[in-house]
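Student: Mind having a look at this structure? Questions to follow.
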Amino acid sequence: MAIVQKKMAILIERICRNQHFYSACWTRGVINTQKRKQVSKPREVIKVYRKTVLREDIEYLKSILDVLEYPTYVFLKKKSCNLDNAYFHKKSNQFLTLDIQKFYPNTKETHIRKFFKHHSAFKGLLSESDIDKLISLTCISKELMTGSPASTALAFWCNYKMFDELNQLALSYNLNFSVYADDLTFSGDFIPKKLEWQIRCILKRHKYSFNKTKTKQRTFKQGVNITGVILQRFKLRPPDDFYTKSKLDNPKAKPYIKRILKLNTPSRR
């Protein structure tokens, strides 16, 4: 992990130069007025230079976290990993999808401090002062900021034990399990009735809960939305609203459809 040590030393040095304006750069905002989803975003009044430096520091932290070895049930690092996440469940007959409620705001600075203090890649590497600097970069009001490039990876590693317990639960029923940000998916030949209750118990033990309105249990015939991709009768397809003109005009639309077609080909293993 020499590369992690070298890059972390560079990041700490960057934070020392820039942290005096971090707290002034971020505010809570709403990006979806229908769902009222809050994210952390740069204040409109700050200078472009400060926004750029702040984002570069966060992306540099993400590049360090990307070096860590993720479990196979985690889909976070690659572009279009939501498609890979859906494909992971392609051969299943039944599905249970859940969304962790207020996952990022409920990941506190104490979680982040514990992660940087005890993870094997950083253990003994960072002083308390260094960890304070990392918290100033990643938190607002003692909560993990939502929407930053590093937040998804940080939220996972801060709650690794919880996700590992969920994976072990899935294995006990011979089910597939995957994590994509705050979305959980279980699938297999049969979803036991008590599985949802057991998931709730694990989340509660770690001071989280799932959003009941977003919890869905489906069969392969009904089809299921897994992280924005429809899986039905063992085939992937875009959601129905994808075919609106505004989305089809997006330059990313064609590569997206092409990748879905590739994932649906029998030759892929």
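Identifiers in the structure tokens: chain A, B, ... in order shown; residue index from 1 per chain; ligand index from 1 in order shown.
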Leaving out Asn264 of chain A and any residue of its chain fewer than 6 positions from it, which residues lie within 9 Å of it when counting only C-alpha atoms, given as a list in words?
Tutor: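 In the requested format, the answer is Tyr87, Phe234, Lys235, Leu236 and Arg237 of chain A.
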Student: I'd like the neighbourhood of Ala170 of chain A as a ChimeraX atom specification, where a residue qualifies if any of its atoms comes within 10 Å (using only C-alpha atoms), though same-chain residues fewer than 3 positions away should be ignored.
Tutor: /A:164-167,173-178,185-188,191,195,199
Student: Please write the residues from the selection above to a file, keeping C-alpha atoms, as a PDB file, in the first residue's frame.
Tutor:
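Listed below is the output, out_17.pdb:
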ATOM      1  CA  ASP A 164     -20.616  -7.736   5.173  1.00  0.00           C
ATOM      2  CA  GLU A 165     -23.343  -8.925   7.580  1.00  0.00           C
ATOM      3  CA  LEU A 166     -25.932  -8.419   4.822  1.00  0.00           C
ATOM      4  CA  ASN A 167     -23.765 -10.418   2.417  1.00  0.00           C
ATOM      5  CA  TYR A 173     -30.012 -18.435   1.864  1.00  0.00           C
ATOM      6  CA  ASN A 174     -27.887 -19.051  -1.258  1.00  0.00           C
ATOM      7  CA  LEU A 175     -28.881 -15.623  -2.607  1.00  0.00           C
ATOM      8  CA  ASN A 176     -27.024 -13.027  -4.628  1.00  0.00           C
ATOM      9  CA  PHE A 177     -26.401  -9.693  -2.906  1.00  0.00           C
ATOM     10  CA  SER A 178     -25.108  -6.417  -4.295  1.00  0.00           C
ATOM     11  CA  THR A 185     -30.446  -5.923  -4.100  1.00  0.00           C
ATOM     12  CA  PHE A 186     -31.048  -9.548  -3.107  1.00  0.00           C
ATOM     13  CA  SER A 187     -31.942 -12.171  -5.680  1.00  0.00           C
ATOM     14  CA  GLY A 188     -32.110 -15.924  -6.224  1.00  0.00           C
ATOM     15  CA  ILE A 191     -36.766 -14.880  -1.466  1.00  0.00           C
ATOM     16  CA  LEU A 195     -35.536 -11.903   4.834  1.00  0.00           C
ATOM     17  CA  ILE A 199     -32.361  -7.028   6.871  1.00  0.00           C
TER      18      ILE A 199
END
Student: For a test of reading the model, state the distance in Å between atom CA of Thr215 of chain A and atom CA of Lys90 of chain A, rounded to one decimal.
Tutor: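 Those two atoms sit 19.0 Å apart.
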Student: May I have all residues of segment 14-231 of chain A that DSSP, computed from the backbone, assigns to alpha helix (DSSP H), given as a PDB file with C-alpha atoms, in the first residue's frame?
Tutor:
ATOM      1  CA  ARG A  14      -3.237  19.972  -0.227  1.00  0.00           C
ATOM      2  CA  ILE A  15      -5.826  20.172   2.537  1.00  0.00           C
ATOM      3  CA  CYS A  16      -3.456  22.235   4.699  1.00  0.00           C
ATOM      4  CA  ARG A  17      -3.295  24.781   1.882  1.00  0.00           C
ATOM      5  CA  ASN A  18      -7.002  24.830   1.065  1.00  0.00           C
ATOM      6  CA  TYR A  22     -13.916  24.356   2.654  1.00  0.00           C
ATOM      7  CA  SER A  23     -16.719  25.164   5.098  1.00  0.00           C
ATOM      8  CA  ALA A  24     -17.667  28.255   3.104  1.00  0.00           C
ATOM      9  CA  CYS A  25     -17.880  26.304  -0.146  1.00  0.00           C
ATOM     10  CA  VAL A  48     -14.770  29.371  -9.556  1.00  0.00           C
ATOM     11  CA  TYR A  49     -11.159  28.845  -8.458  1.00  0.00           C
ATOM     12  CA  ARG A  50     -12.270  27.722  -4.998  1.00  0.00           C
ATOM     13  CA  LYS A  51     -14.891  25.368  -6.430  1.00  0.00           C
ATOM     14  CA  THR A  52     -12.268  23.821  -8.706  1.00  0.00           C
ATOM     15  CA  VAL A  53      -9.701  23.329  -5.944  1.00  0.00           C
ATOM     16  CA  LEU A  54     -12.291  21.849  -3.601  1.00  0.00           C
ATOM     17  CA  ARG A  55     -13.507  19.353  -6.197  1.00  0.00           C
ATOM     18  CA  GLU A  56      -9.948  18.411  -7.130  1.00  0.00           C
ATOM     19  CA  ASP A  57      -9.149  17.642  -3.476  1.00  0.00           C
ATOM     20  CA  ILE A  58     -12.245  15.451  -3.130  1.00  0.00           C
ATOM     21  CA  GLU A  59     -11.527  13.635  -6.394  1.00  0.00           C
ATOM     22  CA  TYR A  60      -7.965  13.054  -5.214  1.00  0.00           C
ATOM     23  CA  LEU A  61      -9.357  11.418  -2.068  1.00  0.00           C
ATOM     24  CA  LYS A  62     -11.601   9.260  -4.263  1.00  0.00           C
ATOM     25  CA  SER A  63      -8.568   8.132  -6.268  1.00  0.00           C
ATOM     26  CA  ILE A  64      -7.010   6.929  -2.994  1.00  0.00           C
ATOM     27  CA  LEU A  65     -10.167   5.062  -1.979  1.00  0.00           C
ATOM     28  CA  CYS A  81     -21.565   0.112 -12.922  1.00  0.00           C
ATOM     29  CA  ASN A  82     -25.341   0.346 -12.422  1.00  0.00           C
ATOM     30  CA  LEU A  83     -25.600  -1.845 -15.543  1.00  0.00           C
ATOM     31  CA  ASP A  84     -23.071  -4.320 -14.136  1.00  0.00           C
ATOM     32  CA  ASN A  85     -25.024  -4.344 -10.887  1.00  0.00           C
ATOM     33  CA  ALA A  86     -28.247  -5.268 -12.704  1.00  0.00           C
ATOM     34  CA  TYR A  87     -26.433  -7.861 -14.818  1.00  0.00           C
ATOM     35  CA  GLU A 109     -17.932  12.147  11.175  1.00  0.00           C
ATOM     36  CA  THR A 110     -17.386   9.559  13.947  1.00  0.00           C
ATOM     37  CA  HIS A 111     -17.796   6.826  11.290  1.00  0.00           C
ATOM     38  CA  ILE A 112     -15.228   8.525   9.073  1.00  0.00           C
ATOM     39  CA  ARG A 113     -12.790   9.009  11.932  1.00  0.00           C
ATOM     40  CA  LYS A 114     -13.057   5.335  12.853  1.00  0.00           C
ATOM     41  CA  PHE A 115     -12.515   4.249   9.229  1.00  0.00           C
ATOM     42  CA  PHE A 116      -9.333   6.274   8.709  1.00  0.00           C
ATOM     43  CA  LYS A 117      -8.052   5.267  12.139  1.00  0.00           C
ATOM     44  CA  HIS A 118      -8.580   1.510  11.897  1.00  0.00           C
ATOM     45  CA  GLU A 128      -5.722  12.819  14.766  1.00  0.00           C
ATOM     46  CA  SER A 129      -4.927  16.181  13.183  1.00  0.00           C
ATOM     47  CA  ASP A 130      -4.695  14.556   9.729  1.00  0.00           C
ATOM     48  CA  ILE A 131      -8.058  12.848  10.240  1.00  0.00           C
ATOM     49  CA  ASP A 132      -9.576  16.183  11.299  1.00  0.00           C
ATOM     50  CA  LYS A 133      -8.396  17.618   7.980  1.00  0.00           C
ATOM     51  CA  LEU A 134     -10.012  14.760   6.035  1.00  0.00           C
ATOM     52  CA  ILE A 135     -13.256  15.308   7.937  1.00  0.00           C
ATOM     53  CA  SER A 136     -13.183  19.015   7.048  1.00  0.00           C
ATOM     54  CA  LEU A 137     -12.983  17.952   3.401  1.00  0.00           C
ATOM     55  CA  THR A 138     -15.790  15.385   3.453  1.00  0.00           C
ATOM     56  CA  SER A 151     -19.021  10.134  -0.632  1.00  0.00           C
ATOM     57  CA  THR A 152     -20.244   6.822  -2.045  1.00  0.00           C
ATOM     58  CA  ALA A 153     -16.935   5.056  -1.426  1.00  0.00           C
ATOM     59  CA  LEU A 154     -16.559   6.606   2.034  1.00  0.00           C
ATOM     60  CA  ALA A 155     -20.098   5.651   3.030  1.00  0.00           C
ATOM     61  CA  PHE A 156     -19.419   2.052   2.018  1.00  0.00           C
ATOM     62  CA  TRP A 157     -16.111   1.721   3.878  1.00  0.00           C
ATOM     63  CA  CYS A 158     -17.479   3.428   6.990  1.00  0.00           C
ATOM     64  CA  TYR A 160     -18.279  -2.191   5.764  1.00  0.00           C
ATOM     65  CA  LYS A 161     -19.236  -4.418   8.713  1.00  0.00           C
ATOM     66  CA  MET A 162     -22.939  -3.790   8.095  1.00  0.00           C
ATOM     67  CA  PHE A 163     -22.672  -4.647   4.401  1.00  0.00           C
ATOM     68  CA  ASP A 164     -20.616  -7.736   5.173  1.00  0.00           C
ATOM     69  CA  GLU A 165     -23.343  -8.925   7.580  1.00  0.00           C
ATOM     70  CA  LEU A 166     -25.932  -8.419   4.822  1.00  0.00           C
ATOM     71  CA  ASN A 167     -23.765 -10.418   2.417  1.00  0.00           C
ATOM     72  CA  GLN A 168     -23.394 -13.237   4.936  1.00  0.00           C
ATOM     73  CA  LEU A 169     -27.181 -13.231   5.386  1.00  0.00           C
ATOM     74  CA  ALA A 170     -27.637 -13.574   1.620  1.00  0.00           C
ATOM     75  CA  LEU A 171     -25.129 -16.435   1.455  1.00  0.00           C
ATOM     76  CA  SER A 172     -27.000 -18.277   4.225  1.00  0.00           C
ATOM     77  CA  LEU A 195     -35.536 -11.903   4.834  1.00  0.00           C
ATOM     78  CA  GLU A 196     -36.884  -8.346   4.891  1.00  0.00           C
ATOM     79  CA  TRP A 197     -37.272  -8.480   8.681  1.00  0.00           C
ATOM     80  CA  GLN A 198     -33.723  -9.816   9.078  1.00  0.00           C
ATOM     81  CA  ILE A 199     -32.361  -7.028   6.871  1.00  0.00           C
ATOM     82  CA  ARG A 200     -34.232  -4.487   8.988  1.00  0.00           C
ATOM     83  CA  CYS A 201     -32.640  -5.913  12.154  1.00  0.00           C
ATOM     84  CA  ILE A 202     -29.110  -5.644  10.724  1.00  0.00           C
ATOM     85  CA  LEU A 203     -29.661  -2.062   9.548  1.00  0.00           C
ATOM     86  CA  LYS A 204     -31.206  -1.079  12.880  1.00  0.00           C
ATOM     87  CA  ARG A 205     -28.253  -2.522  14.783  1.00  0.00           C
TER      88      ARG A 205
END
Student: Would you work out the distance separating atom CA of Ile260 of chain A from atom CA of Asp189 of chain A, expressed in Å to one decimal?
Tutor: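 Interatomic distance here is 23.4 Å.
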Student: Nearest to Arg218 of chain A: which of A:Leu144, A:Ala9, A:Leu231, A:Leu96 is it, counting only C-alpha atoms?
Tutor: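 Residue with the minimum atom-to-atom distance to Arg218 of chain A: A:Leu96.
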Student: Quick check, in Å to one decimal: how far apart do atom CA of Leu68 of chain A and atom CA of Lys262 of chain A lie?
Tutor: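 Result for atom CA of Leu68 of chain A versus atom CA of Lys262 of chain A: 28.5 Å, one decimal.
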Student: Output as a ChimeraX atom specification all residues of segment 137-212 of chain A that backbone DSSP marks as strand (DSSP E or B).
Tutor: /A:139-140,143-144,176-180,183-188,210
Student: Given the selection you just returned, output its residues as a file containing all heavy atoms, formatted as a compact mmCIF listing (two decimals), in the first residue's frame.
Tutor:
# COMPACT_ATOMS: atom_id res chain seq x y z
N CYS A 139 -17.15 16.39 5.23
CA CYS A 139 -18.35 16.50 6.06
C CYS A 139 -18.91 17.92 6.09
O CYS A 139 -18.18 18.89 5.96
CB CYS A 139 -18.06 16.06 7.50
SG CYS A 139 -17.75 14.31 7.66
N ILE A 140 -20.23 17.99 6.29
CA ILE A 140 -20.92 19.24 6.58
C ILE A 140 -21.74 19.00 7.84
O ILE A 140 -22.51 18.03 7.91
CB ILE A 140 -21.86 19.67 5.45
CG1 ILE A 140 -21.09 19.89 4.15
CG2 ILE A 140 -22.62 20.93 5.81
CD1 ILE A 140 -21.98 20.25 2.99
N GLU A 143 -21.77 15.58 9.31
CA GLU A 143 -22.38 14.52 8.49
C GLU A 143 -21.64 14.42 7.17
O GLU A 143 -21.17 15.42 6.63
CB GLU A 143 -23.86 14.83 8.22
CG GLU A 143 -24.72 14.93 9.45
CD GLU A 143 -26.13 15.40 9.13
OE1 GLU A 143 -26.40 15.74 7.94
OE2 GLU A 143 -26.97 15.44 10.04
N LEU A 144 -21.57 13.20 6.64
CA LEU A 144 -20.95 13.01 5.33
C LEU A 144 -21.75 13.76 4.28
O LEU A 144 -22.97 13.64 4.20
CB LEU A 144 -20.92 11.51 4.98
CG LEU A 144 -20.32 11.12 3.63
CD1 LEU A 144 -18.85 11.48 3.56
CD2 LEU A 144 -20.52 9.63 3.37
N ASN A 176 -27.96 -14.04 -4.18
CA ASN A 176 -27.02 -13.03 -4.63
C ASN A 176 -27.30 -11.73 -3.86
O ASN A 176 -28.45 -11.42 -3.55
CB ASN A 176 -27.19 -12.76 -6.13
CG ASN A 176 -26.99 -14.00 -6.96
OD1 ASN A 176 -26.02 -14.73 -6.78
ND2 ASN A 176 -27.90 -14.25 -7.89
N PHE A 177 -26.25 -10.97 -3.59
CA PHE A 177 -26.40 -9.69 -2.91
C PHE A 177 -25.47 -8.68 -3.55
O PHE A 177 -24.32 -9.00 -3.88
CB PHE A 177 -26.06 -9.83 -1.42
CG PHE A 177 -25.91 -8.52 -0.69
CD1 PHE A 177 -26.99 -7.67 -0.51
CD2 PHE A 177 -24.66 -8.11 -0.21
CE1 PHE A 177 -26.85 -6.46 0.14
CE2 PHE A 177 -24.51 -6.90 0.45
CZ PHE A 177 -25.61 -6.07 0.63
N SER A 178 -25.97 -7.47 -3.75
CA SER A 178 -25.11 -6.42 -4.29
C SER A 178 -25.45 -5.07 -3.67
O SER A 178 -26.56 -4.84 -3.20
CB SER A 178 -25.23 -6.33 -5.82
OG SER A 178 -26.50 -5.84 -6.20
N VAL A 179 -24.43 -4.19 -3.69
CA VAL A 179 -24.54 -2.83 -3.17
C VAL A 179 -24.18 -1.86 -4.27
O VAL A 179 -23.14 -1.98 -4.91
CB VAL A 179 -23.59 -2.60 -1.97
CG1 VAL A 179 -23.68 -1.17 -1.48
CG2 VAL A 179 -23.88 -3.58 -0.85
N TYR A 180 -25.05 -0.89 -4.49
CA TYR A 180 -24.76 0.22 -5.40
C TYR A 180 -25.17 1.50 -4.67
O TYR A 180 -26.35 1.80 -4.54
CB TYR A 180 -25.54 0.07 -6.70
CG TYR A 180 -25.34 1.20 -7.68
CD1 TYR A 180 -24.23 1.22 -8.53
CD2 TYR A 180 -26.25 2.25 -7.76
CE1 TYR A 180 -24.04 2.26 -9.43
CE2 TYR A 180 -26.07 3.29 -8.65
CZ TYR A 180 -24.97 3.29 -9.49
OH TYR A 180 -24.78 4.33 -10.38
N ASP A 183 -28.35 1.60 -2.53
CA ASP A 183 -29.31 0.60 -3.03
C ASP A 183 -28.82 -0.81 -2.75
O ASP A 183 -27.68 -1.16 -3.09
CB ASP A 183 -29.53 0.77 -4.53
CG ASP A 183 -30.19 2.10 -4.87
OD1 ASP A 183 -31.10 2.50 -4.12
OD2 ASP A 183 -29.81 2.72 -5.87
N LEU A 184 -29.70 -1.63 -2.17
CA LEU A 184 -29.39 -3.03 -1.87
C LEU A 184 -30.27 -3.92 -2.73
O LEU A 184 -31.46 -3.68 -2.88
CB LEU A 184 -29.66 -3.34 -0.39
CG LEU A 184 -29.08 -2.38 0.66
CD1 LEU A 184 -29.53 -2.81 2.05
CD2 LEU A 184 -27.57 -2.33 0.57
N THR A 185 -29.68 -4.97 -3.29
CA THR A 185 -30.45 -5.92 -4.10
C THR A 185 -30.12 -7.34 -3.67
O THR A 185 -28.94 -7.71 -3.58
CB THR A 185 -30.14 -5.76 -5.60
OG1 THR A 185 -30.35 -4.40 -6.00
CG2 THR A 185 -31.04 -6.67 -6.43
N PHE A 186 -31.16 -8.12 -3.40
CA PHE A 186 -31.05 -9.55 -3.11
C PHE A 186 -31.81 -10.29 -4.20
O PHE A 186 -32.90 -9.87 -4.61
CB PHE A 186 -31.67 -9.88 -1.75
CG PHE A 186 -30.97 -9.27 -0.56
CD1 PHE A 186 -31.18 -7.94 -0.22
CD2 PHE A 186 -30.11 -10.03 0.21
CE1 PHE A 186 -30.53 -7.37 0.88
CE2 PHE A 186 -29.46 -9.47 1.31
CZ PHE A 186 -29.67 -8.14 1.64
N SER A 187 -31.25 -11.40 -4.65
CA SER A 187 -31.94 -12.17 -5.68
C SER A 187 -31.55 -13.64 -5.59
O SER A 187 -30.52 -13.98 -5.01
CB SER A 187 -31.63 -11.62 -7.08
OG SER A 187 -30.30 -11.95 -7.45
N GLY A 188 -32.39 -14.49 -6.20
CA GLY A 188 -32.11 -15.92 -6.22
C GLY A 188 -33.32 -16.68 -6.71
O GLY A 188 -34.25 -16.11 -7.30
N PHE A 210 -34.38 1.21 6.24
CA PHE A 210 -34.62 1.29 4.80
C PHE A 210 -35.94 2.01 4.53
O PHE A 210 -36.82 2.10 5.38
CB PHE A 210 -34.57 -0.07 4.12
CG PHE A 210 -35.54 -1.10 4.64
CD1 PHE A 210 -36.89 -1.02 4.31
CD2 PHE A 210 -35.12 -2.16 5.44
CE1 PHE A 210 -37.78 -1.97 4.77
CE2 PHE A 210 -36.00 -3.11 5.91
CZ PHE A 210 -37.34 -3.02 5.56
